[in-house]
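**Q** File name coords.pdb; file contents PDB, C-alpha atoms and all ligand atoms; full text below.
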ATOM      1  CA  MET W   1     108.711  83.286  83.161  1.00  0.00           C
ATOM      2  CA  LYS W   2     105.515  84.508  84.775  1.00  0.00           C
ATOM      3  CA  ILE W   3     104.423  83.131  88.155  1.00  0.00           C
ATOM      4  CA  ALA W   4     101.031  83.626  89.779  1.00  0.00           C
ATOM      5  CA  ILE W   5     100.789  83.913  93.546  1.00  0.00           C
ATOM      6  CA  MET W   6      97.287  83.777  94.846  1.00  0.00           C
ATOM      7  CA  GLY W   7      95.414  83.836  98.120  1.00  0.00           C
ATOM      8  CA  ALA W   8      91.746  83.981  98.988  1.00  0.00           C
ATOM      9  CA  MET W   9      91.695  86.813 101.531  1.00  0.00           C
ATOM     10  CA  PRO W  10      93.558  90.157 101.588  1.00  0.00           C
ATOM     11  CA  GLU W  11      95.487  89.008 104.684  1.00  0.00           C
ATOM     12  CA  GLU W  12      96.889  86.095 102.689  1.00  0.00           C
ATOM     13  CA  ILE W  13      98.620  88.212 100.036  1.00  0.00           C
ATOM     14  CA  ALA W  14      99.425  91.342 102.068  1.00  0.00           C
ATOM     15  CA  PRO W  15     102.763  89.931 103.315  1.00  0.00           C
ATOM     16  CA  ILE W  16     103.730  89.189  99.694  1.00  0.00           C
ATOM     17  CA  LEU W  17     102.849  92.653  98.396  1.00  0.00           C
ATOM     18  CA  GLU W  18     104.859  94.118 101.287  1.00  0.00           C
ATOM     19  CA  LYS W  19     107.989  92.425  99.943  1.00  0.00           C
ATOM     20  CA  LEU W  20     107.671  94.134  96.557  1.00  0.00           C
ATOM     21  CA  SER W  21     108.854  97.685  96.103  1.00  0.00           C
ATOM     22  CA  GLU W  22     106.588  98.468  93.153  1.00  0.00           C
ATOM     23  CA  TYR W  23     103.673  96.874  91.421  1.00  0.00           C
ATOM     24  CA  LYS W  24     101.075  97.743  88.842  1.00  0.00           C
ATOM     25  CA  THR W  25      97.430  97.293  89.783  1.00  0.00           C
ATOM     26  CA  THR W  26      94.811  96.233  87.238  1.00  0.00           C
ATOM     27  CA  GLN W  27      91.132  95.989  88.097  1.00  0.00           C
ATOM     28  CA  TYR W  28      89.438  93.126  86.301  1.00  0.00           C
ATOM     29  CA  ALA W  29      86.259  91.112  86.842  1.00  0.00           C
ATOM     30  CA  GLY W  30      85.727  92.548  90.290  1.00  0.00           C
ATOM     31  CA  ASN W  31      89.239  91.928  91.596  1.00  0.00           C
ATOM     32  CA  ALA W  32      92.595  93.680  91.730  1.00  0.00           C
ATOM     33  CA  TYR W  33      95.556  91.999  90.020  1.00  0.00           C
ATOM     34  CA  TYR W  34      99.038  93.153  91.011  1.00  0.00           C
ATOM     35  CA  GLU W  35     101.903  92.753  88.541  1.00  0.00           C
ATOM     36  CA  ALA W  36     105.518  93.123  89.540  1.00  0.00           C
ATOM     37  CA  SER W  37     108.930  92.197  88.328  1.00  0.00           C
ATOM     38  CA  TYR W  38     110.900  90.279  90.932  1.00  0.00           C
ATOM     39  CA  LYS W  39     114.495  89.037  90.587  1.00  0.00           C
ATOM     40  CA  GLY W  40     114.193  89.068  86.811  1.00  0.00           C
ATOM     41  CA  ILE W  41     110.856  87.304  86.485  1.00  0.00           C
ATOM     42  CA  ASP W  42     107.265  88.487  86.304  1.00  0.00           C
ATOM     43  CA  LEU W  43     104.769  87.969  89.101  1.00  0.00           C
ATOM     44  CA  VAL W  44     101.012  88.367  89.116  1.00  0.00           C
ATOM     45  CA  ILE W  45      99.437  88.425  92.554  1.00  0.00           C
ATOM     46  CA  ALA W  46      95.781  88.487  93.638  1.00  0.00           C
ATOM     47  CA  TYR W  47      93.354  87.426  96.307  1.00  0.00           C
ATOM     48  CA  SER W  48      90.237  85.841  94.891  1.00  0.00           C
ATOM     49  CA  LYS W  49      87.695  86.305  97.701  1.00  0.00           C
ATOM     50  CA  ILE W  50      86.476  83.273  99.579  1.00  0.00           C
ATOM     51  CA  GLY W  51      85.298  79.993  98.090  1.00  0.00           C
ATOM     52  CA  LYS W  52      85.524  77.697  95.084  1.00  0.00           C
ATOM     53  CA  VAL W  53      83.727  79.931  92.575  1.00  0.00           C
ATOM     54  CA  PHE W  54      85.764  83.079  93.194  1.00  0.00           C
ATOM     55  CA  SER W  55      89.017  81.122  93.324  1.00  0.00           C
ATOM     56  CA  THR W  56      88.173  79.391  90.034  1.00  0.00           C
ATOM     57  CA  LEU W  57      87.584  82.769  88.425  1.00  0.00           C
ATOM     58  CA  THR W  58      90.819  84.265  89.730  1.00  0.00           C
ATOM     59  CA  ALA W  59      93.018  81.290  88.847  1.00  0.00           C
ATOM     60  CA  THR W  60      91.581  81.235  85.339  1.00  0.00           C
ATOM     61  CA  ILE W  61      92.166  84.958  84.845  1.00  0.00           C
ATOM     62  CA  MET W  62      95.732  84.744  86.146  1.00  0.00           C
ATOM     63  CA  ILE W  63      96.482  82.080  83.566  1.00  0.00           C
ATOM     64  CA  GLU W  64      94.375  83.127  80.591  1.00  0.00           C
ATOM     65  CA  ARG W  65      94.580  86.888  80.805  1.00  0.00           C
ATOM     66  CA  PHE W  66      97.859  87.469  82.630  1.00  0.00           C
ATOM     67  CA  GLY W  67      99.745  84.517  81.126  1.00  0.00           C
ATOM     68  CA  ALA W  68     100.857  82.819  84.358  1.00  0.00           C
ATOM     69  CA  GLN W  69     102.902  79.665  83.652  1.00  0.00           C
ATOM     70  CA  LYS W  70     103.048  78.388  87.242  1.00  0.00           C
ATOM     71  CA  LEU W  71     100.714  79.064  90.142  1.00  0.00           C
ATOM     72  CA  LEU W  72     101.479  79.092  93.865  1.00  0.00           C
ATOM     73  CA  PHE W  73      98.711  79.461  96.425  1.00  0.00           C
ATOM     74  CA  SER W  74      99.420  80.812  99.884  1.00  0.00           C
ATOM     75  CA  GLY W  75      96.953  80.850 102.752  1.00  0.00           C
ATOM     76  CA  VAL W  76      95.598  79.354 105.935  1.00  0.00           C
ATOM     77  CA  ALA W  77      93.649  76.162 106.624  1.00  0.00           C
ATOM     78  CA  GLY W  78      91.782  74.224 109.251  1.00  0.00           C
ATOM     79  CA  ALA W  79      93.641  71.165 110.564  1.00  0.00           C
ATOM     80  CA  ILE W  80      92.185  67.672 110.414  1.00  0.00           C
ATOM     81  CA  SER W  81      95.321  65.689 111.207  1.00  0.00           C
ATOM     82  CA  ALA W  82      96.095  65.856 114.941  1.00  0.00           C
ATOM     83  CA  THR W  83      99.772  66.396 114.132  1.00  0.00           C
ATOM     84  CA  LEU W  84      98.989  69.787 112.554  1.00  0.00           C
ATOM     85  CA  LYS W  85      98.946  72.673 115.047  1.00  0.00           C
ATOM     86  CA  VAL W  86      98.336  76.393 114.603  1.00  0.00           C
ATOM     87  CA  GLY W  87     101.160  77.903 112.512  1.00  0.00           C
ATOM     88  CA  ASP W  88     102.273  74.550 111.041  1.00  0.00           C
ATOM     89  CA  LEU W  89     102.682  74.308 107.272  1.00  0.00           C
ATOM     90  CA  ILE W  90     101.066  71.787 104.968  1.00  0.00           C
ATOM     91  CA  VAL W  91     101.906  71.240 101.302  1.00  0.00           C
ATOM     92  CA  ALA W  92      99.112  69.648  99.292  1.00  0.00           C
ATOM     93  CA  THR W  93     100.055  66.466  97.449  1.00  0.00           C
ATOM     94  CA  LYS W  94      96.526  66.224  96.040  1.00  0.00           C
ATOM     95  CA  LEU W  95      93.194  67.940  96.567  1.00  0.00           C
ATOM     96  CA  ALA W  96      89.515  66.990  96.513  1.00  0.00           C
ATOM     97  CA  GLN W  97      86.176  68.804  96.715  1.00  0.00           C
ATOM     98  CA  HIS W  98      84.512  67.486  99.880  1.00  0.00           C
ATOM     99  CA  ASP W  99      81.136  69.081  99.083  1.00  0.00           C
ATOM    100  CA  LEU W 100      80.771  67.652  95.574  1.00  0.00           C
ATOM    101  CA  ASP W 101      78.128  64.958  95.893  1.00  0.00           C
ATOM    102  CA  ILE W 102      76.352  62.892  93.239  1.00  0.00           C
ATOM    103  CA  THR W 103      76.520  59.782  95.393  1.00  0.00           C
ATOM    104  CA  ALA W 104      72.789  59.226  94.651  1.00  0.00           C
ATOM    105  CA  PHE W 105      74.026  57.788  91.323  1.00  0.00           C
ATOM    106  CA  GLY W 106      76.504  55.425  92.922  1.00  0.00           C
ATOM    107  CA  HIS W 107      79.550  57.674  92.433  1.00  0.00           C
ATOM    108  CA  PRO W 108      82.046  58.349  95.219  1.00  0.00           C
ATOM    109  CA  PHE W 109      82.043  61.678  97.084  1.00  0.00           C
ATOM    110  CA  GLY W 110      84.035  64.312  95.215  1.00  0.00           C
ATOM    111  CA  TYR W 111      83.530  62.695  91.818  1.00  0.00           C
ATOM    112  CA  VAL W 112      81.670  63.809  88.705  1.00  0.00           C
ATOM    113  CA  PRO W 113      81.870  62.124  85.268  1.00  0.00           C
ATOM    114  CA  GLU W 114      84.982  63.178  83.324  1.00  0.00           C
ATOM    115  CA  GLY W 115      86.446  64.607  86.521  1.00  0.00           C
ATOM    116  CA  ALA W 116      88.493  62.903  89.249  1.00  0.00           C
ATOM    117  CA  VAL W 117      88.137  62.802  93.024  1.00  0.00           C
ATOM    118  CA  PHE W 118      91.735  63.981  93.467  1.00  0.00           C
ATOM    119  CA  VAL W 119      93.882  66.402  91.474  1.00  0.00           C
ATOM    120  CA  GLU W 120      97.635  66.078  92.081  1.00  0.00           C
ATOM    121  CA  ALA W 121      99.892  69.060  92.666  1.00  0.00           C
ATOM    122  CA  ASP W 122     103.153  69.526  90.762  1.00  0.00           C
ATOM    123  CA  LYS W 123     105.747  67.018  91.990  1.00  0.00           C
ATOM    124  CA  GLU W 124     108.745  69.217  91.148  1.00  0.00           C
ATOM    125  CA  MET W 125     107.522  72.080  93.290  1.00  0.00           C
ATOM    126  CA  ILE W 126     106.713  69.674  96.137  1.00  0.00           C
ATOM    127  CA  LEU W 127     110.293  68.414  95.900  1.00  0.00           C
ATOM    128  CA  LEU W 128     111.558  71.998  95.874  1.00  0.00           C
ATOM    129  CA  SER W 129     109.521  72.727  98.997  1.00  0.00           C
ATOM    130  CA  LYS W 130     111.584  70.160 100.911  1.00  0.00           C
ATOM    131  CA  GLU W 131     114.745  72.103 100.035  1.00  0.00           C
ATOM    132  CA  VAL W 132     113.101  75.357 101.080  1.00  0.00           C
ATOM    133  CA  ALA W 133     111.979  73.791 104.355  1.00  0.00           C
ATOM    134  CA  SER W 134     115.463  72.562 105.169  1.00  0.00           C
ATOM    135  CA  ASP W 135     117.011  75.926 104.170  1.00  0.00           C
ATOM    136  CA  MET W 136     114.588  77.678 106.508  1.00  0.00           C
ATOM    137  CA  GLY W 137     114.913  75.065 109.250  1.00  0.00           C
ATOM    138  CA  LYS W 138     111.157  74.517 109.153  1.00  0.00           C
ATOM    139  CA  MET W 139     108.972  71.449 109.237  1.00  0.00           C
ATOM    140  CA  VAL W 140     106.547  71.080 106.368  1.00  0.00           C
ATOM    141  CA  GLN W 141     104.064  68.258 106.303  1.00  0.00           C
ATOM    142  CA  GLU W 142     102.809  66.857 103.000  1.00  0.00           C
ATOM    143  CA  GLY W 143      99.201  65.806 102.874  1.00  0.00           C
ATOM    144  CA  VAL W 144      95.804  65.720 101.272  1.00  0.00           C
ATOM    145  CA  ILE W 145      93.753  68.913 101.324  1.00  0.00           C
ATOM    146  CA  ALA W 146      89.953  68.859 101.092  1.00  0.00           C
ATOM    147  CA  THR W 147      88.118  71.908  99.776  1.00  0.00           C
ATOM    148  CA  GLY W 148      84.489  72.955 100.034  1.00  0.00           C
ATOM    149  CA  ASP W 149      82.246  75.978 100.253  1.00  0.00           C
ATOM    150  CA  GLN W 150      81.928  75.689 104.030  1.00  0.00           C
ATOM    151  CA  PHE W 151      83.839  77.131 106.957  1.00  0.00           C
ATOM    152  CA  VAL W 152      84.025  73.922 108.974  1.00  0.00           C
ATOM    153  CA  ALA W 153      83.566  74.478 112.692  1.00  0.00           C
ATOM    154  CA  ASN W 154      82.229  71.087 113.612  1.00  0.00           C
ATOM    155  CA  GLU W 155      84.095  67.997 114.815  1.00  0.00           C
ATOM    156  CA  GLU W 156      81.709  65.581 113.147  1.00  0.00           C
ATOM    157  CA  ARG W 157      81.939  67.208 109.697  1.00  0.00           C
ATOM    158  CA  LYS W 158      85.695  67.533 110.017  1.00  0.00           C
ATOM    159  CA  ASN W 159      86.078  63.846 110.923  1.00  0.00           C
ATOM    160  CA  TRP W 160      83.825  62.824 108.050  1.00  0.00           C
ATOM    161  CA  ILE W 161      85.982  64.826 105.608  1.00  0.00           C
ATOM    162  CA  GLY W 162      89.097  63.314 107.177  1.00  0.00           C
ATOM    163  CA  SER W 163      87.942  59.737 106.813  1.00  0.00           C
ATOM    164  CA  THR W 164      86.216  60.087 103.431  1.00  0.00           C
ATOM    165  CA  PHE W 165      89.155  61.768 101.651  1.00  0.00           C
ATOM    166  CA  HIS W 166      92.047  60.790 103.984  1.00  0.00           C
ATOM    167  CA  ALA W 167      92.465  64.543 104.223  1.00  0.00           C
ATOM    168  CA  ASP W 168      94.903  66.237 106.600  1.00  0.00           C
ATOM    169  CA  ALA W 169      93.608  69.786 106.285  1.00  0.00           C
ATOM    170  CA  LEU W 170      90.636  71.606 104.847  1.00  0.00           C
ATOM    171  CA  GLU W 171      89.964  74.969 103.274  1.00  0.00           C
ATOM    172  CA  MET W 172      87.725  76.602 100.680  1.00  0.00           C
ATOM    173  CA  GLU W 173      89.773  77.207  97.495  1.00  0.00           C
ATOM    174  CA  GLY W 174      92.578  74.719  96.860  1.00  0.00           C
ATOM    175  CA  ALA W 175      90.743  72.028  94.908  1.00  0.00           C
ATOM    176  CA  SER W 176      89.038  74.490  92.568  1.00  0.00           C
ATOM    177  CA  VAL W 177      92.375  76.137  91.789  1.00  0.00           C
ATOM    178  CA  ALA W 178      93.772  72.637  91.233  1.00  0.00           C
ATOM    179  CA  VAL W 179      91.021  71.793  88.732  1.00  0.00           C
ATOM    180  CA  VAL W 180      91.718  74.985  86.750  1.00  0.00           C
ATOM    181  CA  CYS W 181      95.496  74.471  86.694  1.00  0.00           C
ATOM    182  CA  ASP W 182      95.159  70.813  85.764  1.00  0.00           C
ATOM    183  CA  ALA W 183      92.770  71.607  82.901  1.00  0.00           C
ATOM    184  CA  LEU W 184      95.063  74.353  81.577  1.00  0.00           C
ATOM    185  CA  ASN W 185      98.300  72.397  82.135  1.00  0.00           C
ATOM    186  CA  VAL W 186      99.766  74.881  84.572  1.00  0.00           C
ATOM    187  CA  PRO W 187     101.916  73.371  87.352  1.00  0.00           C
ATOM    188  CA  PHE W 188     100.579  74.402  90.752  1.00  0.00           C
ATOM    189  CA  PHE W 189     101.663  74.359  94.395  1.00  0.00           C
ATOM    190  CA  ILE W 190      99.294  74.821  97.322  1.00  0.00           C
ATOM    191  CA  LEU W 191     100.670  75.764 100.716  1.00  0.00           C
ATOM    192  CA  ARG W 192      98.638  76.461 103.826  1.00  0.00           C
ATOM    193  CA  SER W 193      99.480  77.337 107.390  1.00  0.00           C
ATOM    194  CA  ILE W 194      97.077  76.155 110.075  1.00  0.00           C
ATOM    195  CA  SER W 195      94.802  78.775 111.656  1.00  0.00           C
ATOM    196  CA  ASP W 196      92.377  76.494 113.529  1.00  0.00           C
ATOM    197  CA  ALA W 197      91.283  72.901 114.051  1.00  0.00           C
ATOM    198  CA  ALA W 198      87.915  73.104 112.230  1.00  0.00           C
ATOM    199  CA  ASP W 199      86.180  72.355 115.538  1.00  0.00           C
ATOM    200  CA  MET W 200      83.753  74.308 117.715  1.00  0.00           C
ATOM    201  CA  ASP W 201      86.458  76.860 118.554  1.00  0.00           C
ATOM    202  CA  ALA W 202      87.444  77.319 114.906  1.00  0.00           C
ATOM    203  CA  SER W 203      85.996  80.787 114.348  1.00  0.00           C
ATOM    204  CA  PHE W 204      87.770  82.182 117.427  1.00  0.00           C
ATOM    205  CA  SER W 205      91.041  80.490 116.580  1.00  0.00           C
ATOM    206  CA  PHE W 206      90.731  81.672 112.977  1.00  0.00           C
ATOM    207  CA  ASP W 207      90.208  85.299 114.001  1.00  0.00           C
ATOM    208  CA  GLU W 208      93.152  85.102 116.359  1.00  0.00           C
ATOM    209  CA  PHE W 209      95.643  83.406 114.026  1.00  0.00           C
ATOM    210  CA  LEU W 210      94.655  84.403 110.482  1.00  0.00           C
ATOM    211  CA  GLU W 211      97.303  87.094 110.235  1.00  0.00           C
ATOM    212  CA  THR W 212     100.235  85.286 111.825  1.00  0.00           C
ATOM    213  CA  SER W 213      99.551  82.019 110.017  1.00  0.00           C
ATOM    214  CA  ALA W 214      99.105  83.868 106.701  1.00  0.00           C
ATOM    215  CA  VAL W 215     102.566  85.371 107.224  1.00  0.00           C
ATOM    216  CA  GLU W 216     104.078  81.914 107.864  1.00  0.00           C
ATOM    217  CA  SER W 217     102.660  80.681 104.582  1.00  0.00           C
ATOM    218  CA  ALA W 218     103.552  83.791 102.567  1.00  0.00           C
ATOM    219  CA  GLU W 219     107.178  83.762 103.726  1.00  0.00           C
ATOM    220  CA  PHE W 220     107.534  80.161 102.677  1.00  0.00           C
ATOM    221  CA  VAL W 221     105.925  80.769  99.283  1.00  0.00           C
ATOM    222  CA  MET W 222     108.286  83.680  98.588  1.00  0.00           C
ATOM    223  CA  LYS W 223     111.231  81.389  99.380  1.00  0.00           C
ATOM    224  CA  MET W 224     109.727  78.946  96.878  1.00  0.00           C
ATOM    225  CA  VAL W 225     109.673  81.709  94.273  1.00  0.00           C
ATOM    226  CA  ASP W 226     113.321  82.502  95.097  1.00  0.00           C
ATOM    227  CA  LYS W 227     114.216  78.846  94.432  1.00  0.00           C
ATOM    228  CA  LEU W 228     112.258  78.812  91.169  1.00  0.00           C
ATOM    229  CA  VAL W 229     114.157  81.899  90.010  1.00  0.00           C
ATOM    230  CA  GLU W 230     117.616  80.452  90.860  1.00  0.00           C
TER
HETATM  231  C1  LIG W 301      87.576  81.284 105.846  1.00  0.00           C
HETATM  232  C2  LIG W 301      88.749  81.464 104.875  1.00  0.00           C
HETATM  233  C3  LIG W 301      88.489  80.819 103.536  1.00  0.00           C
HETATM  234  O1  LIG W 301      89.127  81.509 102.498  1.00  0.00           O
HETATM  235  C4  LIG W 301      89.069  79.440 103.690  1.00  0.00           C
HETATM  236  C5  LIG W 301      89.951  80.767 105.404  1.00  0.00           C
HETATM  237  C6  LIG W 301      90.846  78.137 107.607  1.00  0.00           C
HETATM  238  N1  LIG W 301      90.080  77.462 108.503  1.00  0.00           N
HETATM  239  C7  LIG W 301      89.048  76.895 107.833  1.00  0.00           C
HETATM  240  C8  LIG W 301      87.958  76.102 108.245  1.00  0.00           C
HETATM  241  N2  LIG W 301      87.060  75.713 107.321  1.00  0.00           N
HETATM  242  C9  LIG W 301      87.231  76.065 106.030  1.00  0.00           C
HETATM  243  N3  LIG W 301      88.251  76.820 105.568  1.00  0.00           N
HETATM  244  C10 LIG W 301      89.169  77.237 106.472  1.00  0.00           C
HETATM  245  N4  LIG W 301      90.250  79.701 104.484  1.00  0.00           N
HETATM  246  C11 LIG W 301      86.651  82.376 105.624  1.00  0.00           C
HETATM  247  S1  LIG W 301      85.411  82.581 106.766  1.00  0.00           S
HETATM  248  C12 LIG W 301      85.846  84.004 107.682  1.00  0.00           C
HETATM  249  C13 LIG W 301      85.623  85.268 106.942  1.00  0.00           C
HETATM  250  O2  LIG W 301      85.770  86.377 107.789  1.00  0.00           O
HETATM  251  C14 LIG W 301      90.885  78.532 105.058  1.00  0.00           C
HETATM  252  C15 LIG W 301      90.310  78.011 106.349  1.00  0.00           C
HETATM  253  N5  LIG W 301      87.802  75.737 109.532  1.00  0.00           N
HETATM  254  C16 LIG W 301      85.511  87.572 107.150  1.00  0.00           C
HETATM  255  C17 LIG W 301      85.098  88.602 108.161  1.00  0.00           C
HETATM  256  O3  LIG W 301      83.749  88.476 108.440  1.00  0.00           O
END
Could you render the structure as structure tokens?
**A**
Amino acid sequence: MKIAIMGAMPEEIAPILEKLSEYKTTQYAGNAYYEASYKGIDLVIAYSKIGKVFSTLTATIMIERFGAQKLLFSGVAGAISATLKVGDLIVATKLAQHDLDITAFGHPFGYVPEGAVFVEADKEMILLSKEVASDMGKMVQEGVIATGDQFVANEERKNWIGSTFHADALEMEGASVAVVCDALNVPFFILRSISDAADMDASFSFDEFLETSAVESAEFVMKMVDKLVE
């Protein structure tokens, strides 16, 4: 079995690479891909760079070129739901692109013909995440994640995304990765730890908590991999 673990920023995969004793680095299409064997299975790990386009490229390459059969994303997110605080974990049940807009033609936000507003994450891995959470004695909230090519640092925009998509958290890569995995029939799991509240203080909070929140997420994702290997 080959599992892809991806992040968007170097900080999001660094804690994962640290856990591996050896890996092989391949440069491809402007990114580094790290391959390792871990507890008898193969891993491919990469950070995509920020946003929907780069994350689409990386997810596609991990599947098509490196042969990944499952994909787990680890990273940070801005909170929409008031119950999500810095460091808390959210597992995506489904994801939408909040900046996809052909509403001028009477379509809902996030929709294009032959697409869907929401793409659902793999139910088995979501179920597994509950076991991991209880093993670790951690709380993990399930919820909707909204993705767009914007760092949201504005209460009004955040609330609009929250009410339009019933979203609990927002980020810049999940939904594009979801579209790729769905199209290629690869089960995927998207986990994020909160770094900020997508409000006027978001950039400061992000800078302060990126590293610690990225570690929270990465540790959980590695425990997910451990469960998948069992
Ligand atoms: C933001 C990162 C991008 O990969 C999406 C973090 C956390 N808070 C968010 C928010 N709005 C949207 N997304 C997020 N990730 C990159 S901008 C900072 C780059 O600094 C999730 C996320 N409020 C680079 C140094 O200049």
**Q** Expand the PyMOL selection byres (((chain W and resi 68) around 10) and not hetatm) into the individual residues it matches in the shown file, reporting them as an mmCIF file with C-alpha atoms, keeping the file's coordinate frame.
**A**
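Result file result15.cif:
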data_model
loop_
_atom_site.group_PDB
_atom_site.id
_atom_site.type_symbol
_atom_site.label_atom_id
_atom_site.label_comp_id
_atom_site.auth_asym_id
_atom_site.auth_seq_id
_atom_site.Cartn_x
_atom_site.Cartn_y
_atom_site.Cartn_z
ATOM 1 C CA MET W 1 108.711 83.286 83.161
ATOM 2 C CA LYS W 2 105.515 84.508 84.775
ATOM 3 C CA ILE W 3 104.423 83.131 88.155
ATOM 4 C CA ALA W 4 101.031 83.626 89.779
ATOM 5 C CA ILE W 5 100.789 83.913 93.546
ATOM 6 C CA ASP W 42 107.265 88.487 86.304
ATOM 7 C CA LEU W 43 104.769 87.969 89.101
ATOM 8 C CA VAL W 44 101.012 88.367 89.116
ATOM 9 C CA ALA W 59 93.018 81.290 88.847
ATOM 10 C CA THR W 60 91.581 81.235 85.339
ATOM 11 C CA ILE W 61 92.166 84.958 84.845
ATOM 12 C CA MET W 62 95.732 84.744 86.146
ATOM 13 C CA ILE W 63 96.482 82.080 83.566
ATOM 14 C CA GLU W 64 94.375 83.127 80.591
ATOM 15 C CA ARG W 65 94.580 86.888 80.805
ATOM 16 C CA PHE W 66 97.859 87.469 82.630
ATOM 17 C CA GLY W 67 99.745 84.517 81.126
ATOM 18 C CA GLN W 69 102.902 79.665 83.652
ATOM 19 C CA LYS W 70 103.048 78.388 87.242
ATOM 20 C CA LEU W 71 100.714 79.064 90.142
ATOM 21 C CA VAL W 186 99.766 74.881 84.572
ATOM 22 C CA PRO W 187 101.916 73.371 87.352
#
**Q** Which distance in Å separates CA of Phe54 (chain W) and CA of Gly174 (chain W), to one decimal?
**A**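 Spanning CA of Phe54 (chain W) to CA of Gly174 (chain W) is a straight-line distance of 11.4 Å.
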**Q** Using only C-alpha atoms and a cutoff of 12 Å, can you tell me which residues are near (93.4, 94.7, 87.6) in the file's coordinates, and write them out as a list in words?
**A**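 Every residue inside that radius is included here: Tyr23, Lys24, Thr25, Thr26, Gln27, Tyr28, Ala29, Gly30, Asn31, Ala32, Tyr33, Tyr34, Glu35, Val44, Ile45, Ala46, Tyr47, Ser48, Thr58, Ile61, Met62, Arg65 and Phe66 of chain W.
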**Q** Counting only C-alpha atoms, which of W:Leu20, W:Ala82, W:Val117, W:Val132 gets nearest to Lys227 (chain W)?
**A**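 Selected residue with least distance to Lys227 (chain W): W:Val132.
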**Q** Given all atoms listed in the file as the basis, pick out the residue of W:Asn185, W:Ser134, W:Ser55, W:Ser21 nearest to ligand LIG 301 (chain W).
**A**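 That would be W:Ser55, the residue with the smallest distance to ligand LIG 301 (chain W).
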**Q** So, with all atoms listed in the file as the atoms that count, which of W:Phe73, W:Phe118, W:Phe188, W:Tyr111 lies closest to ligand LIG 301 (chain W)?
**A**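 Going through W:Phe73, W:Phe118, W:Phe188, W:Tyr111 one by one, the smallest distance to ligand LIG 301 (chain W) is for W:Phe73.
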